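Asks: What follows is the file my_file.cif, containing mmCIF, C-alpha atoms:
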data_start
loop_
_atom_site.label_atom_id
_atom_site.label_comp_id
_atom_site.auth_asym_id
_atom_site.auth_seq_id
_atom_site.Cartn_x
_atom_site.Cartn_y
_atom_site.Cartn_z
CA MET I 69 -76.52 41.21 -109.33
CA PRO I 70 -77.59 40.82 -112.98
CA ARG I 71 -81.23 39.96 -113.58
CA VAL I 72 -80.28 37.30 -116.13
CA ASP I 73 -77.81 34.55 -115.21
CA GLN I 74 -74.94 34.83 -117.69
CA ASN I 75 -74.00 31.15 -117.34
CA GLN I 76 -75.72 29.53 -120.32
CA ARG I 77 -75.51 25.98 -119.01
CA ARG I 78 -77.01 26.89 -115.66
CA ARG I 79 -79.65 29.03 -117.37
CA ARG I 80 -80.84 26.09 -119.49
CA GLY I 81 -81.71 24.02 -116.43
CA THR I 82 -80.06 21.34 -114.33
CA GLY I 83 -80.88 18.07 -112.60
CA LEU I 84 -83.09 15.43 -114.18
CA ILE I 85 -84.05 16.42 -117.73
CA ALA I 86 -85.52 13.20 -119.15
CA LEU I 87 -86.35 9.67 -118.01
CA ASP I 88 -88.00 6.65 -119.58
CA PRO I 89 -87.93 4.19 -116.65
CA ASP I 90 -88.89 1.28 -118.88
CA ALA I 91 -85.83 1.76 -121.09
CA ALA I 92 -83.15 3.05 -118.68
CA PHE I 93 -80.81 0.73 -116.80
CA PRO I 94 -81.78 0.85 -113.10
CA GLY I 95 -79.03 2.01 -110.83
CA PHE I 96 -77.04 4.93 -109.48
CA THR I 97 -74.79 7.37 -111.33
CA LEU I 98 -71.47 8.53 -109.87
CA PHE I 99 -69.71 11.79 -110.78
CA ALA I 100 -67.18 14.24 -109.36
CA PRO I 101 -67.56 17.92 -110.39
CA LEU I 102 -64.14 19.11 -111.49
CA THR I 103 -64.27 22.49 -109.75
CA ALA I 104 -65.66 21.16 -106.49
CA ALA I 105 -63.49 20.85 -103.40
CA GLY I 106 -63.49 17.06 -103.30
CA GLN I 107 -67.20 16.27 -103.46
CA VAL I 108 -68.33 13.07 -105.18
CA HIS I 109 -72.03 12.48 -105.82
CA LEU I 110 -74.14 9.38 -106.35
CA VAL I 111 -77.63 10.03 -107.76
CA ASP I 112 -80.53 7.71 -108.55
CA LEU I 113 -82.48 7.63 -111.82
CA GLN I 114 -84.69 10.48 -110.61
CA GLY I 115 -81.62 12.64 -110.02
CA ARG I 116 -81.95 12.49 -106.25
CA THR I 117 -78.77 12.31 -104.17
CA ALA I 118 -78.34 8.81 -102.77
CA HIS I 119 -74.91 9.40 -101.26
CA ARG I 120 -72.13 11.95 -101.16
CA TRP I 121 -68.45 11.78 -100.28
CA GLN I 122 -66.16 14.58 -99.12
CA LEU I 123 -62.52 13.95 -100.02
CA PRO I 124 -59.51 16.10 -99.05
CA TYR I 125 -58.48 17.01 -102.62
CA ARG I 126 -60.05 18.60 -105.69
CA PRO I 127 -60.78 15.94 -108.32
CA GLY I 128 -57.76 14.89 -110.35
CA ARG I 129 -60.34 14.01 -113.01
CA HIS I 130 -62.74 11.31 -111.72
CA ALA I 131 -63.97 8.70 -109.23
CA ARG I 132 -65.09 5.11 -109.62
CA ILE I 133 -66.57 2.41 -107.38
CA VAL I 134 -64.39 -0.70 -107.37
CA THR I 135 -65.18 -4.31 -106.49
CA GLY I 136 -66.29 -4.47 -102.87
CA GLY I 137 -67.82 -1.01 -102.89
CA GLN I 138 -64.85 1.24 -102.05
CA LEU I 139 -64.53 4.58 -103.81
CA ALA I 140 -61.44 4.91 -106.02
CA TYR I 141 -60.66 8.61 -106.38
CA ASN I 142 -57.96 10.59 -108.15
CA GLY I 143 -57.21 13.97 -106.61
CA VAL I 144 -55.05 17.01 -107.32
CA LEU I 145 -51.87 17.12 -105.23
CA PRO I 146 -51.69 20.60 -103.68
CA GLY I 147 -48.80 22.97 -104.09
CA GLU I 148 -47.28 21.70 -107.33
CA GLU I 149 -45.81 23.99 -109.99
CA ALA I 150 -47.34 24.29 -113.44
CA LEU I 151 -45.12 22.42 -115.91
CA PHE I 152 -46.89 24.20 -118.79
CA PRO I 153 -50.08 26.32 -119.11
CA MET I 154 -52.56 23.41 -119.29
CA TRP I 155 -50.89 21.26 -116.63
CA HIS I 156 -53.05 22.41 -113.71
CA LYS I 157 -56.17 21.70 -115.80
CA TYR I 158 -55.62 17.95 -116.06
CA ARG I 159 -52.98 16.94 -113.54
CA GLY I 160 -53.68 14.73 -110.55
CA GLY I 161 -51.01 13.36 -108.23
CA VAL I 162 -53.04 11.62 -105.51
CA MET I 163 -54.64 8.23 -106.07
CA LEU I 164 -56.70 6.94 -103.16
CA ARG I 165 -59.43 4.59 -102.04
CA ALA I 166 -62.04 5.68 -99.52
CA ALA I 167 -64.79 4.11 -97.45
CA ALA I 168 -68.43 5.14 -97.75
CA ASP I 169 -67.98 7.74 -95.01
CA GLY I 170 -65.02 9.34 -96.80
CA THR I 171 -62.30 7.80 -94.64
CA VAL I 172 -59.15 7.43 -96.75
CA LEU I 173 -58.08 3.78 -96.67
CA TRP I 174 -55.15 3.83 -99.12
CA GLU I 175 -53.18 6.49 -100.92
CA HIS I 176 -50.43 6.64 -103.54
CA ARG I 177 -48.77 9.85 -104.72
CA ASP I 178 -46.95 10.74 -107.91
CA PRO I 179 -46.76 14.49 -108.69
CA ARG I 180 -46.46 13.81 -112.42
CA GLN I 181 -49.63 11.69 -112.67
CA HIS I 182 -52.31 13.13 -114.93
CA HIS I 183 -55.68 12.34 -116.54
CA ASP I 184 -56.25 8.67 -115.68
CA ALA I 185 -55.54 6.26 -112.88
CA HIS I 186 -57.26 2.89 -113.15
CA HIS I 187 -57.57 1.25 -109.72
CA LEU I 188 -57.16 -2.52 -109.96
CA ASP I 189 -59.08 -5.19 -108.09
CA ASP I 190 -55.91 -6.43 -106.37
CA GLY I 191 -55.32 -3.04 -104.77
CA GLY I 192 -52.81 -1.70 -107.29
CA VAL I 193 -53.26 1.13 -109.74
CA LEU I 194 -52.35 1.71 -113.41
CA TYR I 195 -51.83 5.37 -114.27
CA THR I 196 -50.46 7.89 -116.75
CA GLY I 197 -47.53 10.20 -115.99
CA LEU I 198 -44.91 12.44 -117.60
CA GLU I 199 -41.18 12.64 -118.17
CA PRO I 200 -39.20 15.47 -119.84
CA LEU I 201 -37.59 15.26 -123.27
CA ARG I 202 -35.01 17.91 -124.12
CA GLY I 203 -32.46 18.58 -126.81
CA ALA I 204 -32.38 16.01 -129.61
CA GLU I 205 -35.03 13.90 -127.88
CA ALA I 206 -37.46 16.83 -127.87
CA ARG I 207 -36.66 17.68 -131.48
CA SER I 208 -37.37 14.09 -132.51
CA VAL I 209 -41.07 14.57 -131.66
CA LEU I 210 -42.76 15.59 -134.90
CA GLY I 211 -45.66 17.95 -135.52
CA GLY I 212 -47.25 20.56 -133.32
CA VAL I 213 -46.84 24.33 -133.38
CA PRO I 214 -43.17 25.22 -133.94
CA GLY I 215 -41.53 26.83 -130.92
CA SER I 216 -44.32 25.90 -128.48
CA GLU I 217 -42.29 23.57 -126.24
CA ALA I 218 -42.78 23.94 -122.48
CA GLY I 219 -40.41 26.64 -121.30
CA GLY I 220 -39.17 26.85 -124.86
CA THR I 221 -37.12 23.63 -124.62
CA THR I 222 -39.12 20.73 -123.17
CA VAL I 223 -41.56 18.22 -124.60
CA TRP I 224 -43.21 16.30 -121.78
CA ALA I 225 -43.68 12.70 -122.93
CA ASP I 226 -46.14 10.23 -121.47
CA THR I 227 -45.36 7.29 -119.27
CA ILE I 228 -47.62 4.54 -117.95
CA THR I 229 -46.90 3.02 -114.54
CA GLU I 230 -48.47 0.23 -112.54
CA VAL I 231 -47.86 0.01 -108.82
CA GLY I 232 -48.92 -2.72 -106.42
CA PRO I 233 -50.92 -2.35 -103.20
CA ASP I 234 -47.69 -1.41 -101.38
CA GLY I 235 -46.98 1.38 -103.89
CA SER I 236 -43.95 -0.29 -105.46
CA PRO I 237 -43.67 -0.14 -109.29
CA ARG I 238 -44.31 -3.42 -111.09
CA TRP I 239 -44.56 -2.24 -114.73
CA THR I 240 -43.62 0.90 -116.66
CA TRP I 241 -43.92 2.07 -120.25
CA HIS I 242 -42.36 5.10 -121.93
CA ALA I 243 -43.78 6.69 -125.06
CA ALA I 244 -40.32 8.00 -125.91
CA GLU I 245 -38.96 4.45 -126.06
CA HIS I 246 -41.78 2.70 -127.89
CA LEU I 247 -43.62 5.12 -130.22
CA ASP I 248 -42.44 5.68 -133.79
CA ARG I 249 -42.16 9.45 -134.26
CA ASP I 250 -43.24 9.27 -137.90
CA ALA I 251 -46.31 7.19 -137.08
CA TYR I 252 -47.42 9.31 -134.11
CA PRO I 253 -46.85 13.01 -134.91
CA LEU I 254 -48.64 15.71 -132.96
CA HIS I 255 -51.55 17.36 -134.74
CA PRO I 256 -50.17 20.55 -136.32
CA ASP I 257 -52.40 22.79 -134.17
CA TYR I 258 -51.24 21.29 -130.85
CA ALA I 259 -48.62 22.85 -128.61
CA ARG I 260 -45.40 20.86 -128.40
CA GLU I 261 -45.56 20.82 -124.60
CA HIS I 262 -47.07 17.33 -124.21
CA TRP I 263 -46.81 14.24 -126.45
CA PRO I 264 -48.80 12.13 -127.26
CA LEU I 265 -51.19 13.08 -124.40
CA VAL I 266 -52.40 9.74 -123.01
CA ASN I 267 -55.77 10.57 -121.48
CA SER I 268 -56.98 7.02 -120.70
CA VAL I 269 -55.35 3.76 -119.70
CA THR I 270 -56.93 0.44 -118.73
CA PRO I 271 -55.92 -3.24 -118.64
CA LEU I 272 -57.41 -5.62 -121.20
CA ALA I 273 -58.70 -9.11 -120.50
CA ASP I 274 -55.55 -10.61 -122.01
CA GLY I 275 -53.28 -8.58 -119.72
CA ASN I 276 -52.18 -6.02 -122.28
CA VAL I 277 -52.91 -2.31 -121.92
CA LEU I 278 -55.44 -0.17 -123.80
CA ALA I 279 -54.57 3.53 -124.11
CA SER I 280 -55.93 6.68 -125.77
CA LEU I 281 -53.42 9.06 -127.36
CA ARG I 282 -55.47 12.24 -127.78
CA SER I 283 -53.15 14.65 -129.56
CA VAL I 284 -52.25 12.08 -132.23
CA SER I 285 -55.84 10.74 -132.55
CA ALA I 286 -55.01 7.09 -131.89
CA VAL I 287 -56.28 4.29 -129.68
CA VAL I 288 -53.60 1.67 -129.11
CA VAL I 289 -53.04 -1.70 -127.45
CA ILE I 290 -49.65 -1.93 -125.75
CA SER I 291 -47.91 -5.24 -125.08
CA ARG I 292 -47.26 -5.65 -121.39
CA ALA I 293 -44.43 -8.06 -122.22
CA THR I 294 -42.48 -5.93 -124.71
CA GLY I 295 -44.00 -2.40 -124.68
CA GLU I 296 -44.62 -2.50 -128.42
CA VAL I 297 -47.88 -1.31 -129.98
CA LEU I 298 -49.85 -4.43 -130.95
CA TRP I 299 -52.83 -2.61 -132.48
CA ARG I 300 -53.90 0.93 -133.27
CA SER I 301 -57.05 2.47 -134.64
CA ALA I 302 -56.70 3.40 -138.28
CA PRO I 303 -55.95 7.11 -138.88
CA GLY I 304 -59.20 9.03 -139.28
CA THR I 305 -61.32 6.54 -137.31
CA VAL I 306 -61.38 8.74 -134.20
CA SER I 307 -60.35 12.34 -133.59
CA GLN I 308 -59.00 13.64 -130.24
CA GLN I 309 -60.85 10.79 -128.53
CA HIS I 310 -61.26 9.76 -124.87
CA HIS I 311 -61.98 6.71 -122.71
CA PRO I 312 -61.65 3.57 -124.84
CA THR I 313 -62.88 0.47 -123.02
CA GLU I 314 -62.97 -3.20 -123.94
CA LEU I 315 -66.38 -4.81 -124.38
CA ASP I 316 -67.18 -8.44 -123.60
CA ASP I 317 -66.77 -9.43 -127.25
CA GLY I 318 -63.36 -7.75 -127.54
CA ARG I 319 -64.57 -4.70 -129.43
CA ILE I 320 -63.51 -1.23 -128.25
CA LEU I 321 -66.00 1.43 -127.17
CA VAL I 322 -64.66 4.98 -127.61
CA PHE I 323 -65.87 8.52 -126.95
CA ASP I 324 -64.90 10.21 -130.23
CA ASN I 325 -64.72 13.95 -129.58
CA GLY I 326 -64.52 14.85 -133.27
CA VAL I 327 -62.06 17.77 -133.07
CA PHE I 328 -60.15 18.02 -136.37
CA ARG I 329 -62.10 15.09 -137.86
CA PRO I 330 -60.81 14.61 -141.41
CA GLY I 331 -63.30 15.45 -144.14
CA HIS I 332 -65.81 17.21 -141.86
CA ASP I 333 -66.17 20.97 -141.75
CA VAL I 334 -68.73 20.89 -138.92
CA PRO I 335 -67.46 19.13 -135.77
CA TYR I 336 -69.63 16.81 -133.72
CA SER I 337 -69.04 14.15 -131.08
CA ARG I 338 -70.12 10.54 -131.15
CA VAL I 339 -69.62 7.22 -129.40
CA VAL I 340 -68.25 4.41 -131.55
CA GLU I 341 -67.68 0.70 -131.25
CA ILE I 342 -64.60 -0.53 -133.15
CA ASP I 343 -64.03 -4.13 -134.24
CA ARG I 344 -60.33 -4.79 -133.64
CA THR I 345 -60.17 -7.58 -136.23
CA ASP I 346 -60.66 -5.21 -139.17
CA GLY I 347 -60.76 -1.73 -137.61
CA ARG I 348 -64.33 -1.02 -138.74
CA VAL I 349 -66.78 1.11 -136.78
CA VAL I 350 -69.63 -1.36 -136.24
CA TRP I 351 -71.86 0.85 -134.06
CA GLU I 352 -72.09 4.53 -133.34
CA TYR I 353 -74.27 7.05 -131.59
CA HIS I 354 -74.49 10.72 -132.44
CA ASP I 355 -77.29 13.15 -131.73
CA PRO I 356 -79.99 13.25 -134.46
CA ALA I 357 -78.90 16.88 -134.87
CA ARG I 358 -75.19 16.08 -135.04
CA GLU I 359 -73.98 19.59 -134.29
CA SER I 360 -75.95 19.77 -131.02
CA PHE I 361 -73.69 17.20 -129.33
CA PHE I 362 -70.09 18.35 -129.47
CA ALA I 363 -67.63 18.00 -126.61
CA PRO I 364 -64.31 19.47 -127.78
CA PHE I 365 -62.44 17.98 -124.81
CA MET I 366 -62.99 15.26 -122.20
CA GLY I 367 -65.88 12.77 -122.40
CA SER I 368 -66.60 9.12 -121.67
CA ALA I 369 -68.87 6.21 -122.52
CA GLN I 370 -69.81 3.15 -120.46
CA ARG I 371 -71.56 0.11 -121.90
CA LEU I 372 -74.22 -0.99 -119.42
CA PRO I 373 -75.65 -4.46 -118.80
CA GLY I 374 -78.39 -5.07 -121.35
CA GLY I 375 -76.72 -3.01 -124.08
CA ASN I 376 -77.47 0.62 -123.19
CA THR I 377 -74.62 3.16 -123.11
CA LEU I 378 -74.06 5.90 -120.54
CA VAL I 379 -72.43 8.95 -122.14
CA THR I 380 -70.66 11.82 -120.39
CA ASP I 381 -70.76 15.09 -122.32
CA SER I 382 -68.06 16.40 -120.01
CA PRO I 383 -67.71 20.15 -120.70
CA ALA I 384 -71.49 20.58 -120.49
CA GLY I 385 -71.85 18.49 -117.33
CA ARG I 386 -74.46 16.52 -119.25
CA LEU I 387 -74.94 12.81 -118.56
CA PHE I 388 -77.26 10.76 -120.74
CA GLU I 389 -78.12 7.17 -121.58
CA VAL I 390 -79.01 5.75 -124.97
CA THR I 391 -80.27 2.36 -126.09
CA ALA I 392 -78.58 0.27 -128.79
CA ASP I 393 -80.81 1.85 -131.43
CA GLY I 394 -79.97 5.40 -130.31
CA TYR I 395 -83.05 6.18 -128.19
CA LEU I 396 -82.17 8.64 -125.42
CA CYS I 397 -83.87 7.33 -122.28
CA TRP I 398 -82.20 9.30 -119.45
CA GLU I 399 -80.61 12.73 -119.21
CA TYR I 400 -79.23 14.63 -116.24
CA VAL I 401 -77.32 17.91 -116.05
CA VAL I 402 -74.90 18.33 -113.17
CA PRO I 403 -76.16 21.20 -110.98
CA HIS I 404 -72.82 21.93 -109.27
CA PHE I 405 -71.04 24.96 -110.74
CA GLY I 406 -67.84 26.62 -109.62
CA ALA I 407 -64.64 28.35 -110.69
CA TYR I 408 -61.25 26.69 -110.91
CA THR I 409 -59.06 27.76 -107.99
CA GLU I 410 -55.72 27.76 -109.84
CA ARG I 411 -55.00 31.11 -111.46
CA GLU I 412 -53.49 29.50 -114.57
CA VAL I 413 -56.61 27.37 -115.19
CA ARG I 414 -59.03 30.19 -114.43
CA SER I 415 -57.32 32.39 -117.04
CA LEU I 416 -57.99 29.70 -119.67
CA PHE I 417 -61.48 28.77 -118.39
CA PRO I 418 -62.86 31.90 -116.70
CA ALA I 419 -66.51 30.81 -116.49
CA GLU I 420 -67.99 28.66 -113.71
CA PRO I 421 -68.31 25.20 -115.29
CA ASN I 422 -70.26 22.19 -114.11
CA ALA I 423 -67.86 19.87 -115.94
CA VAL I 424 -67.14 16.27 -115.00
CA PHE I 425 -64.47 14.07 -116.57
CA ARG I 426 -66.39 10.78 -116.43
CA ALA I 427 -69.58 9.38 -114.93
CA TYR I 428 -70.35 5.76 -114.11
CA ARG I 429 -73.61 3.86 -113.53
CA TYR I 430 -73.80 1.12 -110.89
CA ALA I 431 -76.44 -1.44 -110.01
CA LEU I 432 -77.48 -1.54 -106.36
CA GLU I 433 -75.68 -4.84 -105.79
CA GLU I 434 -72.38 -3.18 -106.73
CA ILE I 435 -72.76 -0.80 -103.77
CA PRO I 436 -73.24 -3.23 -100.85
CA TRP I 437 -73.17 -0.54 -98.18
CA LEU I 438 -75.74 1.81 -99.74
CA ASP I 439 -78.72 0.67 -97.65
CA ALA I 440 -76.64 1.21 -94.51
CA HIS I 441 -75.75 4.74 -95.59
CA PRO I 442 -78.94 6.30 -96.97
#
Please render this file's structure as structure tokens.
Replies:
Amino acid sequence: MPRVDQNQRRRRGTGLIALDPDAAFPGFTLFAPLTAAGQVHLVDLQGRTAHRWQLPYRPGRHARIVTGGQLAYNGVLPGEEALFPMWHKYRGGVMLRAAADGTVLWEHRDPRQHHDAHHLDDGGVLYTGLEPLRGAEARSVLGGVPGSEAGGTTVWADTITEVGPDGSPRWTWHAAEHLDRDAYPLHPDYAREHWPLVNSVTPLADGNVLASLRSVSAVVVISRATGEVLWRSAPGTVSQQHHPTELDDGRILVFDNGVFRPGHDVPYSRVVEIDRTDGRVVWEYHDPARESFFAPFMGSAQRLPGGNTLVTDSPAGRLFEVTADGYLCWEYVVPHFGAYTEREVRSLFPAEPNAVFRAYRYALEEIPWLDAHP
């Protein structure tokens, strides 16, 4: 065994790093380590484990506590083929809800589901999926690295599906039918295997759908009635972003990864708040040393009651909370490291990461069973 741990993130220290209890929002933080075999953790502000679930599938990105206290969890469906090299990295396939003891209460399967599945209060789920484009349809997708289609011929295009509590479809959307190819080209450095890479989907208060299109650097609002794009972030506002969410005042909070940001030679990540009426960034957080906070992929941000923001620096397994004026008041580094089990993913990410896709903070009253399950 080497005398010095060669994993830089583990070597720098894990667990609770910083806490200002007078500034942090009291509650419990939920996360699911991506390389773990189905473990989901809930920790208090001191970084102590308050609860843990064991689910039957590796995380298909993340978990969330829904109204009533059930755990909504997206898992990786075993035994599926790799549609393209990165598919095993971000696919899912199993969407479930579980009780506090890990008992699976509801499950829906779709082998082409990936990245996000937003579990609804009525028991349904809204999620992203894929469908193949070939021939002229594939060639109509603009941008990307020439000749990099999946299997040499296929561009996998995104779909969005909503199913009810009984699993039956009640709404679908197809990027191939509704996105203008000229307005939404792939970034020139992206493989032409997946377009436009929808990595987040959530319903808005008005019933329409908010989505993040990573590989074309756009956040969009989709009409539930017609499928048309009602609003998009102006080009250059965000770059390879993740996890847009609607705030109470209608503004959009976004984790802006900052990969390929126009006009910047040094990349950095930030969290921004966008006013939909004029497209302006009206609030942002970046580290005082901008270059020290850079997540090239994944990431999330959650606006907390009182105005603080919980940020997930996903590749680093680093969760932190900042106030409205940018004061970091809580920081925790996920201590759970492990290797990806799929050979294709391990060849791309050979280290043992502690990565998480998203983390969420919950007040005690949102977890009604917690006292009964210490």
Asks: Any chance you could resolve the PyMOL selection byres ((chain I and resi 225) around 7) against this file and give the residues as a list in words?
Replies: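 Matching residues under the PyMOL selection byres ((chain I and resi 225) around 7) are Leu198, Glu199, Pro200, Leu201, Val223, Trp224, Asp226, Thr227, Ala243, Ala244, His262, Trp263 and Pro264 of chain I.
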Asks: Check what the PyMOL selection byres ((chain I and resi 248) around 12) selects in the file above and give those residues as a PDB file with C-alpha atoms, keeping the file's coordinate frame.
Replies:
ATOM      1  CA  SER I 208     -37.370  14.090-132.510  1.00  0.00           C
ATOM      2  CA  VAL I 209     -41.070  14.570-131.660  1.00  0.00           C
ATOM      3  CA  LEU I 210     -42.760  15.590-134.900  1.00  0.00           C
ATOM      4  CA  HIS I 242     -42.360   5.100-121.930  1.00  0.00           C
ATOM      5  CA  ALA I 243     -43.780   6.690-125.060  1.00  0.00           C
ATOM      6  CA  ALA I 244     -40.320   8.000-125.910  1.00  0.00           C
ATOM      7  CA  GLU I 245     -38.960   4.450-126.060  1.00  0.00           C
ATOM      8  CA  HIS I 246     -41.780   2.700-127.890  1.00  0.00           C
ATOM      9  CA  LEU I 247     -43.620   5.120-130.220  1.00  0.00           C
ATOM     10  CA  ARG I 249     -42.160   9.450-134.260  1.00  0.00           C
ATOM     11  CA  ASP I 250     -43.240   9.270-137.900  1.00  0.00           C
ATOM     12  CA  ALA I 251     -46.310   7.190-137.080  1.00  0.00           C
ATOM     13  CA  TYR I 252     -47.420   9.310-134.110  1.00  0.00           C
ATOM     14  CA  PRO I 253     -46.850  13.010-134.910  1.00  0.00           C
ATOM     15  CA  LEU I 254     -48.640  15.710-132.960  1.00  0.00           C
ATOM     16  CA  PRO I 264     -48.800  12.130-127.260  1.00  0.00           C
ATOM     17  CA  VAL I 284     -52.250  12.080-132.230  1.00  0.00           C
ATOM     18  CA  GLU I 296     -44.620  -2.500-128.420  1.00  0.00           C
ATOM     19  CA  VAL I 297     -47.880  -1.310-129.980  1.00  0.00           C
TER      20      VAL I 297
END
Asks: Which is closest to I:Arg411 among I:Ala150, I:Ala92, I:Leu113, I:Leu194, if we use all atoms listed in the file?
Replies: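 Of I:Ala150, I:Ala92, I:Leu113, I:Leu194, the one nearest I:Arg411 is I:Ala150, counting all atoms listed in the file.
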Asks: Quick one: which residues end up in the PyMOL selection byres ((chain I and resi 415-417) around 12) for this structure, as a PyMOL selection string?
Replies: chain I and resi 103+153-157+383+406-414+418-423
Asks: Which polymer residues, protein or nucleic acid, are no farther than 12 Å from (-51.5, -2.4, -109.8), counting only C-alpha atoms, as number ranges by chain?
Replies: I: 163, 176, 185-195, 228-240, 270-271, 275
Asks: Report, in Å to a single decimal, how far apart atom CA of I:Val379 and atom CA of I:Gly170 are.
Replies: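 So the answer is 26.4 Å.
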Asks: Find, counting all atoms listed in the file, the residue in I:Trp241, I:Phe365, I:Tyr336, I:Phe405 that gets nearest to I:Arg282.
Replies: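 Closest to I:Arg282 of all the choices is I:Phe365.
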Asks: One decimal, Å: what's the distance from atom CA of I:Asn142 over to atom CA of I:His130, could you say?
Replies: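 The value is 6.0 Å.
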Asks: Measuring between all atoms listed in the file, which one of I:Glu148, I:Glu389, I:Asp90, I:Glu205 shows the shortest distance to I:Ala369?
Replies: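 Once distances to I:Ala369 are computed over all atoms listed in the file, the minimum belongs to I:Glu389.
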Asks: Excluding same-chain residues fewer than 4 positions from I:Val327, what lies within 12 Å of it counting only C-alpha atoms, as a PDB file with C-alpha atoms, keeping the file's coordinate frame?
Replies:
ATOM      1  CA  HIS I 255     -51.550  17.360-134.740  1.00  0.00           C
ATOM      2  CA  ASP I 257     -52.400  22.790-134.170  1.00  0.00           C
ATOM      3  CA  TYR I 258     -51.240  21.290-130.850  1.00  0.00           C
ATOM      4  CA  ARG I 282     -55.470  12.240-127.780  1.00  0.00           C
ATOM      5  CA  SER I 283     -53.150  14.650-129.560  1.00  0.00           C
ATOM      6  CA  VAL I 284     -52.250  12.080-132.230  1.00  0.00           C
ATOM      7  CA  SER I 285     -55.840  10.740-132.550  1.00  0.00           C
ATOM      8  CA  GLY I 304     -59.200   9.030-139.280  1.00  0.00           C
ATOM      9  CA  VAL I 306     -61.380   8.740-134.200  1.00  0.00           C
ATOM     10  CA  SER I 307     -60.350  12.340-133.590  1.00  0.00           C
ATOM     11  CA  GLN I 308     -59.000  13.640-130.240  1.00  0.00           C
ATOM     12  CA  GLN I 309     -60.850  10.790-128.530  1.00  0.00           C
ATOM     13  CA  HIS I 310     -61.260   9.760-124.870  1.00  0.00           C
ATOM     14  CA  PHE I 323     -65.870   8.520-126.950  1.00  0.00           C
ATOM     15  CA  GLY I 331     -63.300  15.450-144.140  1.00  0.00           C
ATOM     16  CA  HIS I 332     -65.810  17.210-141.860  1.00  0.00           C
ATOM     17  CA  ASP I 333     -66.170  20.970-141.750  1.00  0.00           C
ATOM     18  CA  VAL I 334     -68.730  20.890-138.920  1.00  0.00           C
ATOM     19  CA  PRO I 335     -67.460  19.130-135.770  1.00  0.00           C
ATOM     20  CA  TYR I 336     -69.630  16.810-133.720  1.00  0.00           C
ATOM     21  CA  SER I 337     -69.040  14.150-131.080  1.00  0.00           C
ATOM     22  CA  ARG I 338     -70.120  10.540-131.150  1.00  0.00           C
ATOM     23  CA  PHE I 362     -70.090  18.350-129.470  1.00  0.00           C
ATOM     24  CA  ALA I 363     -67.630  18.000-126.610  1.00  0.00           C
ATOM     25  CA  PRO I 364     -64.310  19.470-127.780  1.00  0.00           C
ATOM     26  CA  PHE I 365     -62.440  17.980-124.810  1.00  0.00           C
ATOM     27  CA  MET I 366     -62.990  15.260-122.200  1.00  0.00           C
TER      28      MET I 366
END
Asks: Between I:Ala168, I:Leu321, I:Val213, I:Ala384, single out the one closest to I:Leu139, counting all atoms listed in the file.
Replies: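 Residue with the minimum atom-to-atom distance to I:Leu139: I:Ala168.
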Asks: Name the closest residue to I:Asn325 among the candidates I:Gly367, I:Tyr141, I:Gly215, I:Glu352; distances are taken between atoms, counting only C-alpha atoms.
Replies: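 Ranked by minimum distance to I:Asn325, first place goes to I:Gly367.
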Asks: Give me the residues near I:Asp355 as number ranges by chain, where near means some atom within 10 Å (using all atoms listed in the file) and where sequence neighbours in that chain fewer than 2 positions away do not count.
Replies: I: 336-339, 353, 357-362, 394-396
